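Engineer: Pasting a structure here, questions to come.
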Amino acid sequence: MDDDSAASSTPLFLTDSLEMAMEMENENSNPPCFSCAFDNQNGGRSLSAESYLAIGSLKRVLLKLDPSPNDYEEDVVEMFGFQWVTETALVESCELLFGLLRQQIYRLEDLVQTGSSDFGQASNLHSEAERIRRQCVEFLRYVKVFIFRYLEPPRLENDGMLHPYEELEAKLPSMLVEELYGLTMHIGRLYELPSSVLAAFTIQHQAKIFPPSWHLLHLHLDIHWLVLEILHVLGEKMMRQVVYANNFINLTGENLTSISLFETHCGNLISDLISLSVNKYITVRLSEALISHHYPCTCIKELWILLIHLLDHRNKGCHTECFWSLVNKTLRNIFERPSSSERMPGFETIQCKDPLSFSWWIITHLASLYQFDRNGNLNEKKQKESNWKFVEELLKKSTDAQTGVLEEHLRMHLQCCLTLCSFWELNLSVVTILWDYYSKNLNSCFTVPWLGLKGLANISKTSLSMLELVKSCCCEQQIPALYESRNSYFIFLSILARIMKEDAENRGVRPWKQIKGRIYSKFHRRRMQELTEVGLQNFFNLFLMLAVVAETEDIASRVLDLLDFPTPSSITVSQRALIWRGHFAFLLIYVEKNMDISVLAEKLSNAFREKAKAFLVTKNDNTQKQNLWILLSTYIDGVQEVFETSCYLSLSEEKLLNDGFTMLLPACRGAELSMVLNFLQVVLARLRSVHKRVSQELQPGKAALDAQFPLVAKEHHLAVASALWRNFFPYLKSQRMSQMPPSPQLADTAAGFTLLALDIPSKALSDLQPQPVVSMMQLFGWDDMVWPHLVSRYLSHLIQNSALCEAFSSMGYTSYEALTVRSWFRCILQMFIEQPSAMLAKTDAERTVGKAYMEQLTEMTRLIFKLSEVENILSKAHVEESVSKQDPKNALIQFIKAVGRTYSGLQTLSEKSAMVAKTLEYLGDVLKYVKPYLKAKGPSEGLQLTYWTIGCLVKFWAPILATSKAQQLLFRIVDCLLLPHSVLQQDKELPVALLSAIQESLPLYLQGLSFICCQSQSQGAYLNQLLGSIIQQYFGRFLPSSPTALGAGQHPILTALCSSITAPQMLRLRKTTLHVISKNYMQFKGNVPPPRLASVLAFIFEVLQRTQNTELCDIDLVLPAVLKCMVLVNDLQVKKISTDIVQCMVEGCQAGSKGEHATQLTSVFRRFIQDYTAVYDHRVFSILETVAVLDQTLVTSLIPTITQSLKDSEHKQGLGKNAAQREAYKRLLSYLSEAGQNEIQKLENETG
């Protein structure tokens, strides 16, 4: 029940109970008054506890209850410092009391004028001013209570003589009207107050100490309001009879009644309040109009609320002017500036530069005050009186072309209008007025220059952003923020959407039926042809909003018809792109409303096909291609948004994926192709995700809302999948072996198709059947001809896919992991396949690509090491998990070592045979992978990687390569890497990069081959021959010209000989190496020594010194040649190194067994003595002297041979005994202790 009618419709007992309840609440006897002290301290969040609303003063007046039931119960009341009889004071002393009131007002005005700036007096002044004000307010409250309690209503008939008091009492209503009029004249109008007093509105005091001006100002507010309350209570008490001010009329001849005084005072008060709001509006920014209040303090806010309730209450009960009527009248006076005879008093003071904007502002803020009830509480559900008629007038002025309202003002006006729509009942006339304006200005940008970029026209870049922008008009918005974020046209759309939605909810579709004709009628062929790009954007914004809230299908059909009006030649590329975005925005609405899109999609996809065909055939016209791409990219973005928005892909989305893409893809380059492939990935992922969800709903035991829906959705999924395979995959397949490295998106997309083949195998192309997943893996993951960049990225998507692994297991495809490992091998070996062989500086782009590929390989390595086969191998080889986090090259070497160790740990022949087969499957045609490096002789990084990796294979997989199954691979490795045709041509220099790679890795090959030579039985001789050939080819290539250049570990064969390998391996390698050296590098041509002899000898010495042992092969193969060098070569360096070698061998034989090594050593020296003593006796004896120092026993055992050789030499000479030879021989014998002395004695005896 409305409060305004409570007085007339509430039963008496309920009224009494209300009064009693309010008496209980109103324990505070202090009179209500206006106070913003509370506001100052609390930011204006609430009304003061002493306010008329909070205490309930207004409510009691309107409900005809005792204004102050707890007060004036005593016989005597004190007012203005005097005692008065409560029940008769006003009748007997009315003029005196009002005179005292005016006297108190004078005193307060004096305090204001004589107010001191001394802070010490501030408190005293405040207390005195507050006391005066309370006395005045208290008196006026007493007047109100007196009228309610003690004033008798007028009698219809007057029989007999009246008591003098009764005569006075009868005159009291007339006297009160006169005194109240006199009081209003005394205090004057609010706008007439001095500026120093009005400035008190802005005083901010936190300590509740205010200057006298603040109290005077608020006393004026109290008096203005209490005069209205008293007049209202008087009227009710007089049963709404008119009370004439008889004395005033007699004296002045002017008519003055209680009603005229109320209306005049009320009109003046509203005029004054609006004047205050005008002053406030001067400082308000248009963008902040809705958050800038129209009152200087909460007292004015409360006064407005009081006026609203009082005037509307009187309007319902007495049919007087309502609140809005008085406000409208005042505002019209501001607008129209009537002549002086018609002008309302006080309006000459209201100077407003923009009365239209001010009127919007004040009306909106006043409308918001209707939310406050009679207790001052906010009640948003409270019924609010509207003021649409006046607002319609404002709206017509705002949109009047002659008025020329700027966009910056129009935005604020429509903000206010939208706010009012949220307060009041709906009004279709508002939409009609606005549409008449905007239909004529669709091509306008509606920008505000000073807003900068925020004020520019907003052409949506995507269909989704276009729709989201429109949908924002249809939902609750922060209206104050719209000024900068939306133009006036969008605010109009928000108004239209609000009316359409709310009225549709209450009355069905009636609003749309009424508005439809007005909107459609504005669009005809000529109008559509006149639309610019901005106009088209506004056109779409309007109809998209209508499609969201009204009849979507009807509106979309109408839009398609309207867009056929402009001729194709008249539409620019940007306009066509905008039209396509608009189409897609409608598609998105269909999708959100779960409506089939086939009709709209068919028309759009046909247009796309035409543009794609034109894009394909356009070759040299770059401008034309760019224009076409604008449209094509718009289409791609739109389709992607449809797929991302669609919940079940069951609305004929496949219609958008037509054969236009088969023409588009071959014509795309660079960023264009990247965009299409990214789009394709999104569609693939979306289809798989939705299909999986729908398939789960089809599982037994899961109830769907519509049993047929999942089946229908699945049919559409099959159609989408078929379109993807048919229109996209052929191009993808053709690009896997392109001349240039493919983009990463190609691998990502291929992985998406592979997973699609896993989920929906039936729709894969026929050439991929019957196992499309396997076919896809063979095409993109296991084919040795596909770019490694593509393979690594492709497999990284799939290796850890559990569903894929299960699919291969169920198919019995056991080679899945092995083939994947093989691809990993190839990807690592071919990581430098792109780089040119010439050592050119890399550009930043090349470095970036290399880094990206390394990161991809690192990820692939991590995933490979999680394969069950690989994990099993690493576990058996006791390899730590951290190996997967290493550099891919190092991780590959660790895997090679792990395979070798695992094989060595196997026991049975069957296990070893299976492991050999699996290992060869891991490798594949490894030489084919590295062929590009070998053919181009570079780049150096590629050659280094190739030789080192395969060298590790030869060394660590030597037991595997020794088997009959793997020996052919070994022979190919040797032929391709170590003994190619270019190496066999000794006269041709090998490239530095190739030599460097071989030098670094040759020890690995030699060690592995030496092991295989020891193990192989069937091919042992051939393998030994290969090993010798390798050593023969590379010993000389890496041998320096002088021994000083043979640094420690520089020669790869030396490194191989000195590494930690098994004894049989070492012996085989040592024997073969020394055999090659002896046969090829230490053979004299006559007495001419071989080239680089000192370096060869230095190499041999390094071997002996590093191994610290002497083998039989050393004595057999090297010692004779070394001794020969000592005899025939005079070079000091050669002699020095030769001597060191002999010393090493002799000492080595001493340290070793005395048996076989000593015998062999003795045999070599015996032959040496026999061969050279006859000619080089002195040199032989000198060498033997050196040996005697090292091993006297050895030389002693040679005495018979030396003596015999001496005699044979003398015999051949035929000259008898050679004294010089014998003297040199005796010198040797002198080193041989007793045996030597004995032999000397024998020789001397012969002489004797």
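By order in the structure tokens, chains are A, B, ...; within a chain, residues start at 1; ligands start at 1, following the order shown.
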Could you pull out the residues in range 487-582 of chain A that DSSP calls alpha helix (DSSP H) from the backbone, as JSON, numbers by chain?
Structural biologist: {"A": [488, 489, 490, 491, 492, 493, 494, 495, 496, 497, 498, 499, 500, 501, 502, 503, 504, 505, 506, 507, 510, 511, 512, 513, 514, 515, 516, 517, 518, 519, 520, 525, 526, 527, 528, 529, 530, 533, 534, 535, 536, 537, 538, 539, 540, 541, 542, 543, 544, 545, 546, 547, 548, 549, 552, 553, 554, 555, 556, 557, 558, 559, 560, 561, 562, 563, 573, 574, 575, 576, 577, 578, 579, 580, 581, 582]}
Engineer: Neighbours of range 1226-1240 of chain A within 8 Å (only C-alpha atoms; same-chain residues fewer than 6 positions away dropped), as a list of chain:residue names?
Structural biologist: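 My list of contacting residues is A:Phe1181, A:Ser1182, A:Leu1184, A:Glu1185, A:Ala1188, A:Val1189, A:Gln1192, A:Val1195, A:Thr1196, A:Ile1199.
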Engineer: Write out the residues from the selection above, keeping N, CA and C atoms, as a PDB file, in the first residue's frame.
Structural biologist:
```pdb
ATOM      1  N   PHE A1181     129.127 -50.876 -33.109  1.00  0.00           N
ATOM      2  CA  PHE A1181     129.731 -51.004 -31.769  1.00  0.00           C
ATOM      3  C   PHE A1181     129.289 -49.855 -30.857  1.00  0.00           C
ATOM      4  N   SER A1182     129.147 -48.621 -31.432  1.00  0.00           N
ATOM      5  CA  SER A1182     128.706 -47.480 -30.624  1.00  0.00           C
ATOM      6  C   SER A1182     127.285 -47.707 -30.108  1.00  0.00           C
ATOM      7  N   LEU A1184     125.850 -50.611 -29.688  1.00  0.00           N
ATOM      8  CA  LEU A1184     125.885 -51.702 -28.707  1.00  0.00           C
ATOM      9  C   LEU A1184     126.450 -51.213 -27.374  1.00  0.00           C
ATOM     10  N   GLU A1185     127.371 -50.272 -27.426  1.00  0.00           N
ATOM     11  CA  GLU A1185     127.874 -49.691 -26.185  1.00  0.00           C
ATOM     12  C   GLU A1185     126.728 -49.050 -25.405  1.00  0.00           C
ATOM     13  N   ALA A1188     124.645 -51.732 -23.999  1.00  0.00           N
ATOM     14  CA  ALA A1188     125.337 -52.411 -22.897  1.00  0.00           C
ATOM     15  C   ALA A1188     125.141 -51.665 -21.594  1.00  0.00           C
ATOM     16  N   VAL A1189     125.084 -50.362 -21.677  1.00  0.00           N
ATOM     17  CA  VAL A1189     124.847 -49.582 -20.456  1.00  0.00           C
ATOM     18  C   VAL A1189     123.465 -49.909 -19.891  1.00  0.00           C
ATOM     19  N   GLN A1192     123.490 -55.139 -19.903  1.00  0.00           N
ATOM     20  CA  GLN A1192     124.791 -55.771 -20.145  1.00  0.00           C
ATOM     21  C   GLN A1192     124.623 -57.232 -20.545  1.00  0.00           C
ATOM     22  N   VAL A1195     123.872 -57.680 -24.342  1.00  0.00           N
ATOM     23  CA  VAL A1195     125.037 -57.518 -25.218  1.00  0.00           C
ATOM     24  C   VAL A1195     126.030 -58.656 -25.004  1.00  0.00           C
ATOM     25  N   THR A1196     126.127 -59.097 -23.756  1.00  0.00           N
ATOM     26  CA  THR A1196     127.034 -60.217 -23.454  1.00  0.00           C
ATOM     27  C   THR A1196     126.621 -61.449 -24.247  1.00  0.00           C
ATOM     28  N   ILE A1199     128.019 -61.566 -27.781  1.00  0.00           N
ATOM     29  CA  ILE A1199     129.474 -61.552 -28.021  1.00  0.00           C
ATOM     30  C   ILE A1199     129.864 -62.557 -29.102  1.00  0.00           C
TER      31      ILE A1199
END
```
Engineer: Could you tell me which of A:Asp75, A:Ile579, A:Leu180, A:Phe82 comes closest to Arg102 in chain A if we count only C-alpha atoms?
Structural biologist: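 Among the listed residues, A:Leu180 lies closest to Arg102 in chain A.
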Engineer: Give me the residues near Leu604 in chain A as a list in words, where near means some atom within 9 Å (using only C-alpha atoms) and where sequence neighbours in that chain fewer than 6 positions away do not count.
Structural biologist: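 Listing them by chain and then by number gives Trp580, His583, Phe584, Tyr635 and Leu656 of chain A.
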Engineer: Could you write those residues out with N, CA, C and O atoms, as a PDB file, in the first residue's frame?
Structural biologist:
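See out_22.pdb below for the written result:
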```
ATOM      1  N   TRP A 580      31.233  -8.669 -44.246  1.00  0.00           N
ATOM      2  CA  TRP A 580      31.499 -10.067 -43.884  1.00  0.00           C
ATOM      3  C   TRP A 580      31.561 -10.239 -42.378  1.00  0.00           C
ATOM      4  O   TRP A 580      31.044 -11.218 -41.818  1.00  0.00           O
ATOM      5  N   HIS A 583      28.123 -10.308 -41.127  1.00  0.00           N
ATOM      6  CA  HIS A 583      27.509 -11.611 -41.381  1.00  0.00           C
ATOM      7  C   HIS A 583      27.906 -12.607 -40.303  1.00  0.00           C
ATOM      8  O   HIS A 583      27.059 -13.360 -39.782  1.00  0.00           O
ATOM      9  N   PHE A 584      29.187 -12.637 -40.016  1.00  0.00           N
ATOM     10  CA  PHE A 584      29.666 -13.592 -39.007  1.00  0.00           C
ATOM     11  C   PHE A 584      29.116 -13.258 -37.622  1.00  0.00           C
ATOM     12  O   PHE A 584      28.885 -14.155 -36.813  1.00  0.00           O
ATOM     13  N   TYR A 635      37.251 -13.662 -43.335  1.00  0.00           N
ATOM     14  CA  TYR A 635      36.482 -14.912 -43.352  1.00  0.00           C
ATOM     15  C   TYR A 635      37.083 -15.945 -42.403  1.00  0.00           C
ATOM     16  O   TYR A 635      36.370 -16.599 -41.630  1.00  0.00           O
ATOM     17  N   LEU A 656      30.916 -23.887 -43.665  1.00  0.00           N
ATOM     18  CA  LEU A 656      31.907 -22.813 -43.754  1.00  0.00           C
ATOM     19  C   LEU A 656      33.256 -23.312 -44.260  1.00  0.00           C
ATOM     20  O   LEU A 656      34.136 -22.514 -44.584  1.00  0.00           O
TER      21      LEU A 656
END
```
Engineer: Which polymer residues have any atom within 8 Å of an atom of range 1105-1108 of chain A, counting only C-alpha atoms, with same-chain residues fewer than 4 positions away left out, as a PyMOL selection string?
Structural biologist: chain A and resi 1058+1101+1144+1148
